[in-house]
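Engineer: Dumping the structure here so I can ask a few things about it.
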Amino acid sequence: MNFFLLLKLLFCMVLLAAVSAGRLAAQHLTLEGQTGGFLTPTAYVVYGEKGKFFSHPAVGYHFVGANAVIGDLHTFSIEEGFANRAEAGYTRSVHFTGNSALFSSLWNYSGMNIFNGKVVAMKERVWMPGVAVGGVIRTGDQFVSGALNKRLTGTPKTYTNGDVYLVATKSYIKPPLPLLVNFGWKATNAEILGIGGQATRFGGELFGGVSFPLPGPWKTVILPSVGFIQEPSQVKNLGAILVGGKAHLPMTLDYAVRVTQRKNPHFSFDIGVGQIAGNIGTTYVSGLGLVPVNLQARSVVGLGFNYRY
């Protein structure tokens with residue numbers, strides 16, 4: 001086959017994958033049950049058939065393995081779309097305690113409830129990104145802040161935290177490489193999606209990501225992606241046990257690959273690596289002296305499976 005004809009054919013296949021990218025992102029769920037990437041929401045909602053108000057529900061399962069200290073996390077989600085303009089859903093987070101004798105007790109709780117909702121303010125057009133506003137409420141969060149409140153005062157405490165966000169998403173199908181770009185801002189009082197506890201204030205943070213839709217075998221599309229979430233600078237009650245009174249919390253990053261169907265996708269499979277936190281400070285432990293607080297979560301494995309009926 002002529003080299004230039006082969007190159008043209010390959011390029012057309014890549015463009016076909018990119019054209020589907022918006023729908024692909026719209027129909028699959030994040031760790032917290034919203035439509036989006038592995039961690040961050042996009043400006044899309046669960047797809048519904050034309051002329052029908054309710055979509056078929058989408059369900060998702062995600063796993064994050066951080067059992068060295070934080071513990072393993074399993075989330076089970078269900079999401080419903082409304083007229084391709086809005087969505088709402090529920091996620092149950094199930095947690096298994098980690099293996100650190102010194103620090104895993106900060107996460108010695110069963111999990112939390114997560115409720116989310118999103119409305120598309122402006123649908124994506126040729127030269128304009130899609131824009132959506134949304135929110136997340138997490139209840140029953142006892143991680144870190146709740147555990148430390150019990151240690152410091154003798155009284156257990158459960159926190160409720162949440163996010164309010166604005167996000168823009170745009171797929172580009174121009175050479176040399178098609179991509180899907182996502183960028184947003186959120187006001188939050190949760191640390192690491194509530195897994196890190198309650199932030200000391202309700203503040204604004206940025207999030208975003210980019211993925212590259214590529215044609216795969218058996219009528220699939222493969223989307224390598226990278227995403228980030230800025231985190232609040234401090235965790236409620238954590239400063240009381242740290243030397244200097246402040247934690248050093250980095251930006252959360254994820255590097256993932258999603259595989260899904262090219263046309264009318266119903267399923268997706270995600271696999272990736274997350275960078276959460278390593279050494280966040282130093283504490284004093286009786287009999288040991290000064291000890292670094294290392295969460296050993298700078299490289300954790302994540303898996304996800306989503307299905308839309």
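Going by the structure tokens order, chains are called A, B, ..., each with residues numbered from 1, while ligands are numbered from 1 in the order shown.
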Pick out the residues sitting within 8 Å of range 198-202 of chain A, and hand them over as a PyMOL selection string; count only C-alpha atoms, and ignore anything fewer than 2 positions along from it in its own chain.

Structural biologist: chain A and resi 144-145+159+161+187-191+194+196+204+232-236

Engineer: Taking the backbone alone, and naming residues the way the document does, which bits of range 110-278 of chain A are alpha helix (DSSP H) by DSSP, as a PyMOL selection string?

Structural biologist: chain A and resi 145-153

Engineer: Any chance you could export the current selection's C-alpha atoms as a compact mmCIF listing (two decimals), in the first residue's frame?

Structural biologist:
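Saved file out-v1.txt follows:
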```
# COMPACT_ATOMS: atom_id res chain seq x y z
CA SER A 145 -9.90 14.86 61.01
CA GLY A 146 -12.52 12.74 62.76
CA ALA A 147 -9.93 10.27 64.04
CA LEU A 148 -7.73 13.07 65.38
CA ASN A 149 -10.69 14.81 67.01
CA LYS A 150 -11.32 11.61 68.99
CA ARG A 151 -7.62 11.33 69.89
CA LEU A 152 -7.34 14.98 70.98
CA THR A 153 -10.67 15.42 72.78
```

Engineer: Show me, as CSV, the residues of range 180-251 of chain A having an atom within 7 Å of range 260-269 of chain A, each with the closest atom pair and its distance in Å, using only C-alpha atoms.

Structural biologist:
```
residue,atom,partner,partner_atom,distance
A:Lys219,CA,A:Arg262,CA,5.6
A:Thr220,CA,A:Gln261,CA,4.3
A:Val221,CA,A:Arg262,CA,5.3
A:Ile222,CA,A:Thr260,CA,6.7
```

Engineer: Write out as a compact mmCIF listing (two decimals) with C-alpha atoms, in the first residue's frame all residues of range 59-97 of chain A that backbone DSSP assigns to strand (DSSP E).

Structural biologist:
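Produced file selection_1.txt, reproduced below:
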```txt
# COMPACT_ATOMS: atom_id res chain seq x y z
CA VAL A 59 -23.07 2.17 37.12
CA GLY A 60 -19.43 2.13 38.11
CA TYR A 61 -16.91 0.40 40.35
CA HIS A 62 -13.50 1.85 41.21
CA PHE A 63 -10.60 0.61 43.32
CA VAL A 64 -7.60 2.49 44.70
CA GLY A 65 -4.90 0.40 46.39
CA ASP A 72 -7.70 0.23 50.09
CA LEU A 73 -10.72 2.10 48.74
CA HIS A 74 -13.65 0.63 46.79
CA THR A 75 -16.43 2.82 45.40
CA PHE A 76 -19.78 1.70 43.97
CA SER A 77 -21.70 4.29 41.95
CA ILE A 78 -25.01 4.77 40.15
CA GLU A 79 -25.74 7.83 38.00
CA GLU A 80 -28.87 9.00 36.15
CA GLY A 81 -29.02 11.56 33.35
CA PHE A 82 -31.85 13.96 32.57
CA ALA A 86 -28.24 17.22 33.93
CA GLU A 87 -27.31 14.23 36.04
CA ALA A 88 -27.42 13.10 39.67
CA GLY A 89 -26.03 10.11 41.46
CA TYR A 90 -24.91 8.31 44.59
CA THR A 91 -21.63 6.58 45.47
CA ARG A 92 -20.83 4.42 48.46
CA SER A 93 -17.18 4.47 49.41
CA VAL A 94 -16.02 1.29 51.19
CA HIS A 95 -12.67 1.43 52.98
CA PHE A 96 -10.32 -1.24 54.33
```

Engineer: Between CA of Tyr309 in chain A and CA of Tyr44 in chain A, what is the distance in Å, rounded to a tenth?

Structural biologist: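 Computing it gives 17.3 Å between the two atoms.
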
Engineer: Please provide as a PyMOL selection string all residues within 12 Å of Ala66 in chain A, with the sequence filter that same-chain residues fewer than 3 positions apart are discarded (counting only C-alpha atoms).

Structural biologist: chain A and resi 63+69-74+95-100+104+107+195+273-278+295-302

Engineer: Restricting the output to N, CA and C atoms, write the selected residues as an mmCIF file, in the first residue's frame.

Structural biologist:
```
data_model
loop_
_atom_site.group_PDB
_atom_site.id
_atom_site.type_symbol
_atom_site.label_atom_id
_atom_site.label_comp_id
_atom_site.auth_asym_id
_atom_site.auth_seq_id
_atom_site.Cartn_x
_atom_site.Cartn_y
_atom_site.Cartn_z
ATOM 1 N N PHE A 63 -11.472 1.112 42.248
ATOM 2 C CA PHE A 63 -10.599 0.613 43.317
ATOM 3 C C PHE A 63 -9.318 1.428 43.327
ATOM 4 N N VAL A 69 -0.528 2.569 54.078
ATOM 5 C CA VAL A 69 -0.912 3.453 55.176
ATOM 6 C C VAL A 69 -2.401 3.805 55.098
ATOM 7 N N ILE A 70 -2.831 4.428 54.017
ATOM 8 C CA ILE A 70 -4.200 4.934 53.904
ATOM 9 C C ILE A 70 -5.216 3.801 53.888
ATOM 10 N N GLY A 71 -4.919 2.739 53.211
ATOM 11 C CA GLY A 71 -5.832 1.620 53.080
ATOM 12 C C GLY A 71 -6.413 1.536 51.684
ATOM 13 N N ASP A 72 -7.083 0.439 51.398
ATOM 14 C CA ASP A 72 -7.700 0.225 50.094
ATOM 15 C C ASP A 72 -9.093 0.842 50.062
ATOM 16 N N LEU A 73 -9.440 1.418 48.906
ATOM 17 C CA LEU A 73 -10.716 2.097 48.745
ATOM 18 C C LEU A 73 -11.483 1.481 47.580
ATOM 19 N N HIS A 74 -12.746 1.131 47.829
ATOM 20 C CA HIS A 74 -13.652 0.632 46.794
ATOM 21 C C HIS A 74 -14.847 1.566 46.731
ATOM 22 N N HIS A 95 -14.085 1.312 52.660
ATOM 23 C CA HIS A 95 -12.668 1.434 52.980
ATOM 24 C C HIS A 95 -12.192 0.268 53.835
ATOM 25 N N PHE A 96 -10.967 -0.212 53.529
ATOM 26 C CA PHE A 96 -10.319 -1.240 54.332
ATOM 27 C C PHE A 96 -9.010 -0.674 54.865
ATOM 28 N N THR A 97 -8.789 -0.794 56.180
ATOM 29 C CA THR A 97 -7.672 -0.144 56.855
ATOM 30 C C THR A 97 -6.332 -0.654 56.355
ATOM 31 N N GLY A 98 -5.338 0.268 56.324
ATOM 32 C CA GLY A 98 -4.004 -0.055 55.856
ATOM 33 C C GLY A 98 -3.153 -0.783 56.874
ATOM 34 N N ASN A 99 -1.859 -0.942 56.551
ATOM 35 C CA ASN A 99 -0.967 -1.813 57.317
ATOM 36 C C ASN A 99 0.004 -1.094 58.250
ATOM 37 N N SER A 100 -0.087 0.254 58.356
ATOM 38 C CA SER A 100 0.848 0.988 59.197
ATOM 39 C C SER A 100 0.375 0.992 60.651
ATOM 40 N N SER A 104 -2.153 4.153 60.223
ATOM 41 C CA SER A 104 -3.364 3.681 59.557
ATOM 42 C C SER A 104 -4.619 3.872 60.400
ATOM 43 N N TRP A 107 -7.339 6.242 59.385
ATOM 44 C CA TRP A 107 -8.306 5.834 58.356
ATOM 45 C C TRP A 107 -9.076 4.581 58.765
ATOM 46 N N ILE A 195 -10.908 11.809 51.418
ATOM 47 C CA ILE A 195 -10.088 10.701 51.910
ATOM 48 C C ILE A 195 -9.035 11.216 52.882
ATOM 49 N N VAL A 273 -2.235 5.007 37.515
ATOM 50 C CA VAL A 273 -1.393 5.222 38.690
ATOM 51 C C VAL A 273 -1.690 6.609 39.232
ATOM 52 N N GLY A 274 -1.888 6.707 40.531
ATOM 53 C CA GLY A 274 -2.131 7.988 41.163
ATOM 54 C C GLY A 274 -0.977 8.406 42.052
ATOM 55 N N GLN A 275 -0.705 9.693 42.067
ATOM 56 C CA GLN A 275 0.277 10.262 42.993
ATOM 57 C C GLN A 275 -0.486 11.112 43.995
ATOM 58 N N ILE A 276 -0.541 10.655 45.251
ATOM 59 C CA ILE A 276 -1.343 11.338 46.264
ATOM 60 C C ILE A 276 -0.448 12.085 47.237
ATOM 61 N N ALA A 277 0.213 11.393 48.136
ATOM 62 C CA ALA A 277 1.061 12.071 49.117
ATOM 63 C C ALA A 277 2.115 11.104 49.653
ATOM 64 N N GLY A 278 3.298 11.642 49.922
ATOM 65 C CA GLY A 278 4.369 10.885 50.552
ATOM 66 C C GLY A 278 4.595 11.390 51.958
ATOM 67 N N LEU A 295 2.901 8.844 54.087
ATOM 68 C CA LEU A 295 1.670 8.149 53.710
ATOM 69 C C LEU A 295 1.900 7.076 52.651
ATOM 70 N N GLN A 296 3.095 7.021 52.073
ATOM 71 C CA GLN A 296 3.483 5.994 51.100
ATOM 72 C C GLN A 296 2.438 5.848 49.983
ATOM 73 N N ALA A 297 1.971 7.000 49.494
ATOM 74 C CA ALA A 297 0.949 6.982 48.446
ATOM 75 C C ALA A 297 1.355 7.852 47.263
ATOM 76 N N ARG A 298 2.646 7.932 46.991
ATOM 77 C CA ARG A 298 3.106 8.673 45.821
ATOM 78 C C ARG A 298 3.006 7.846 44.557
ATOM 79 N N SER A 299 2.663 6.565 44.698
ATOM 80 C CA SER A 299 2.471 5.715 43.529
ATOM 81 C C SER A 299 1.489 4.610 43.905
ATOM 82 N N VAL A 300 0.197 4.847 43.653
ATOM 83 C CA VAL A 300 -0.836 3.870 43.988
ATOM 84 C C VAL A 300 -1.575 3.467 42.722
ATOM 85 N N VAL A 301 -2.045 2.245 42.687
ATOM 86 C CA VAL A 301 -2.723 1.704 41.518
ATOM 87 C C VAL A 301 -4.224 1.931 41.638
ATOM 88 N N GLY A 302 -4.843 2.340 40.535
ATOM 89 C CA GLY A 302 -6.285 2.497 40.483
ATOM 90 C C GLY A 302 -6.887 1.723 39.327
#
```

Engineer: Near Thr160 in chain A, counting only C-alpha atoms, which residues have an atom at most 10 Å away, once you skip same-chain residues fewer than 5 positions from it, shown as a PyMOL selection string?

Structural biologist: chain A and resi 112-114+137-142+189-190+194+197-198

Engineer: Could you jot down the CA of Asn116 in chain A to CA of Asp163 in chain A separation for me, Å, one decimal place?

Structural biologist: 9.3 Å
